[in-house]
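J.: One structure follows; several queries about it will come next.
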Amino acid sequence: MTIKGIVVSGERPKVQLQGNALVMNVEGTVMERMGTAEDVLSRVPMISKKGDAFEILGKGAPLIYLNNRKLTDLQELKNIQSDNIKNVEVIQNPGARYDASVNAVIIIRTKRTAGEGLGVELTSWSRKGHGFANNERINLTFRTGKLELFANLFGAYNKRWEKGEFEQTVFADTLWVITNNQKNKVHNPFLEGRFGFNYQLNDNNSFGGFYQNTYDYVKTWSDYDDDLLANGNMYDHLQNSSVNRAEGAPKHQVNLYYTGKIGKFAIDFNADYTYRNQRNRNQQQELSESQENRDVNTYALTCSRLMAEKLFVTYPLGKGQIEVGEEYTNTRWNSSFENEEGYIANSNNEQHEQAIAPFIELRQQFSVGCGFAL
């Protein structure tokens, strides 16, 4: 008999255990069509989403890495399309390369998108409720040979209003009944731009970087109307109106990375620089029927700067590997607060920190066997 042909088919497992990590494959699975990295993470075993943050069951909040770069702003997860993710790795027992306070790590690894030329992606959505929200996103990509250039622009405008009423009773020497009516209106324009590059030297070596700038402005109008009753008698009627302006600009962020192999040595390097200004101005008017009327104006300014770099080298040794590396951080933070009427004391604070942490880790696999003979 002649065998004309045999077809062997199989399916790559979606979830695998690799050492001390759980790896979930995204490429080639239905997870590719989930939407963004945020949607993918919420469906990975042991990961739960609470609000805008993620947690590892039994471990708490993890560090999240994109390839070899630590994410400091989880909004970046919305910029990563699920069809560009290769796999997600969940490490429940991080090794020496991470700080001792880190209980878990998530690593999102992306794949290099095939094809050359210019790619354009436009996304828009709106929502209507008590106010409205509108988001617009433009992603541009240009690939030629081993070079990839990219630019992302995200803009949003959110407007909302709310009102409420509550009554509070305080049982003390005097029976206080406080009735409050409040109205709030919020406007929030947001703009974020990023551009950068990736260069693939070969299958084992690549480097790149990006620059990002963010503008965030929140303006809030608030009105409060309070009635205070003492033992059933009117004590005071208060009216409070305020305008608060919170401006987060500019926020500069720069990142450079290299990942590759030289012989048997695997090298990962990452460096970040972040600078941010946060200004907050509040104008408040307080009116009282029985007490003194007053205006309260405050201004707060916070500036922060972060420089960080991390390098580690891995080399196979026996049935395991050895890792050697270091991590350096330098932070500077200062804030000031002013109240021109003098109701609240002015303040000025400044803080500087720097730290360097070398590490070495050896991992080996051991097997124990036993037998007997008659």
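Residues in the structure tokens are named by chain (A, B, ... in the order shown) and by number from 1 within that chain; ligands are numbered from 1 in the order shown.
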Determine, counting only C-alpha atoms, which protein, DNA and RNA residues have an atom within 12 Å of an atom of Ile344 of chain A; residues of the same chain fewer than 2 positions away are not included. Present the result as a PDB file with C-alpha atoms, in the first residue's frame.

T.:
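The resulting file, around-v1.pdb, is reproduced below:
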```pdb
ATOM      1  CA  VAL A 296     -10.377  83.001  49.188  1.00  0.00           C
ATOM      2  CA  ASN A 297      -7.873  82.755  46.310  1.00  0.00           C
ATOM      3  CA  THR A 298      -5.193  80.051  46.227  1.00  0.00           C
ATOM      4  CA  TYR A 299      -2.468  79.098  43.785  1.00  0.00           C
ATOM      5  CA  PHE A 337       1.274  77.094  47.778  1.00  0.00           C
ATOM      6  CA  GLU A 338       0.016  80.675  48.110  1.00  0.00           C
ATOM      7  CA  ASN A 339      -3.095  82.271  49.620  1.00  0.00           C
ATOM      8  CA  GLU A 340      -3.078  86.023  49.041  1.00  0.00           C
ATOM      9  CA  GLU A 341      -5.681  86.753  51.761  1.00  0.00           C
ATOM     10  CA  GLY A 342      -3.608  84.936  54.409  1.00  0.00           C
ATOM     11  CA  ASN A 346       1.931  79.760  52.381  1.00  0.00           C
ATOM     12  CA  SER A 347       4.401  76.919  51.896  1.00  0.00           C
TER      13      SER A 347
END
```

J.: Just list as a PyMOL selection string whatever in segment 21-249 of chain A DSSP marks as alpha helix (DSSP H).

T.: chain A and resi 37-41

J.: Those residues with N, CA, C and O atoms, as an mmCIF file, in the first residue's frame please?

T.:
```cif
data_model
loop_
_atom_site.group_PDB
_atom_site.id
_atom_site.type_symbol
_atom_site.label_atom_id
_atom_site.label_comp_id
_atom_site.auth_asym_id
_atom_site.auth_seq_id
_atom_site.Cartn_x
_atom_site.Cartn_y
_atom_site.Cartn_z
ATOM 1 N N ALA A 37 -4.576 46.818 24.203
ATOM 2 C CA ALA A 37 -3.877 46.075 25.252
ATOM 3 C C ALA A 37 -4.666 46.078 26.548
ATOM 4 O O ALA A 37 -4.630 45.119 27.326
ATOM 5 N N GLU A 38 -5.399 47.138 26.807
ATOM 6 C CA GLU A 38 -6.239 47.222 28.003
ATOM 7 C C GLU A 38 -7.296 46.124 27.987
ATOM 8 O O GLU A 38 -7.562 45.479 29.008
ATOM 9 N N ASP A 39 -7.896 45.885 26.818
ATOM 10 C CA ASP A 39 -8.906 44.828 26.695
ATOM 11 C C ASP A 39 -8.285 43.442 26.845
ATOM 12 O O ASP A 39 -8.891 42.538 27.428
ATOM 13 N N VAL A 40 -7.057 43.272 26.337
ATOM 14 C CA VAL A 40 -6.389 41.975 26.426
ATOM 15 C C VAL A 40 -6.057 41.643 27.872
ATOM 16 O O VAL A 40 -6.318 40.530 28.351
ATOM 17 N N LEU A 41 -5.485 42.601 28.605
ATOM 18 C CA LEU A 41 -5.080 42.341 29.993
ATOM 19 C C LEU A 41 -6.267 41.949 30.860
ATOM 20 O O LEU A 41 -6.140 41.111 31.760
#
```

J.: Please provide the set of residues having any atom within 12 Å of Asn202 of chain A, restricted to only C-alpha atoms, with same-chain residues fewer than 4 positions apart removed, written as a list of chain:residue names.

T.: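 Contacts, in chain order: A:Arg112, A:Gly145, A:Lys146, A:Leu147, A:Ser206, A:Phe207, A:Thr259, A:Gly260, A:Lys261, A:Ile262.
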
J.: I need the residue nearest Gly95 of chain A from this list: A:Glu323, A:Glu353, A:Glu116, A:Glu32. Use only C-alpha atoms for the distance.

T.: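 Closest residue, counting only C-alpha atoms: A:Glu323.
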
J.: Taking only C-alpha atoms into account, name the residue in A:Asn79, A:Asn93, A:Tyr199, A:Val88 that is nearest to Glu148 of chain A.

T.: A:Tyr199

J.: Restricting the calculation to only C-alpha atoms, which member of A:Gln81, A:Gln92, A:Asn180, A:Ser126 is positioned closest to Gly60 of chain A?

T.: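 The shortest atom-to-atom distance to Gly60 of chain A comes from A:Gln92.
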
J.: Measuring between only C-alpha atoms, which one of A:Ser336, A:Gln253, A:Asn330, A:Thr123 shows the shortest distance to His352 of chain A?

T.: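 Comparing A:Ser336, A:Gln253, A:Asn330, A:Thr123 against His352 of chain A, the winner is A:Asn330.
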
J.: Can you pull out the residues contacting Gln284 of chain A? Cut-off 6 Å, using only C-alpha atoms, and skip same-chain residues under 6 positions away; I want them as a PyMOL selection string.

T.: chain A and resi 241-242+295-296

J.: Do you have the atom CA of Ala271 of chain A-atom CA of Leu306 of chain A distance handy?

T.: 10.6 Å

J.: Near Val186 of chain A, counting only C-alpha atoms, which residues have an atom at most 8 Å away, once you skip same-chain residues fewer than 2 positions from it, shown as number ranges by chain?

T.: A: 158-161, 184, 188, 218-221

J.: Choose the residue, out of A:Leu311, A:Val15, A:Cys303, A:Ala345, that has the smallest atom-to-atom separation from Thr331 of chain A; count only C-alpha atoms.

T.: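 Once distances to Thr331 of chain A are computed over only C-alpha atoms, the minimum belongs to A:Cys303.
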
J.: Could you check how far atom CA of Val26 of chain A sits from atom CA of Leu77 of chain A, in Å to one decimal?

T.: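 Taking atom CA of Val26 of chain A as the start and atom CA of Leu77 of chain A as the end point, the length is 15.1 Å.
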
J.: Considering only C-alpha atoms, state which residue in the set A:Asn204, A:Thr110, A:Ser48, A:Gln18 is at the smallest distance from Tyr258 of chain A.

T.: A:Asn204
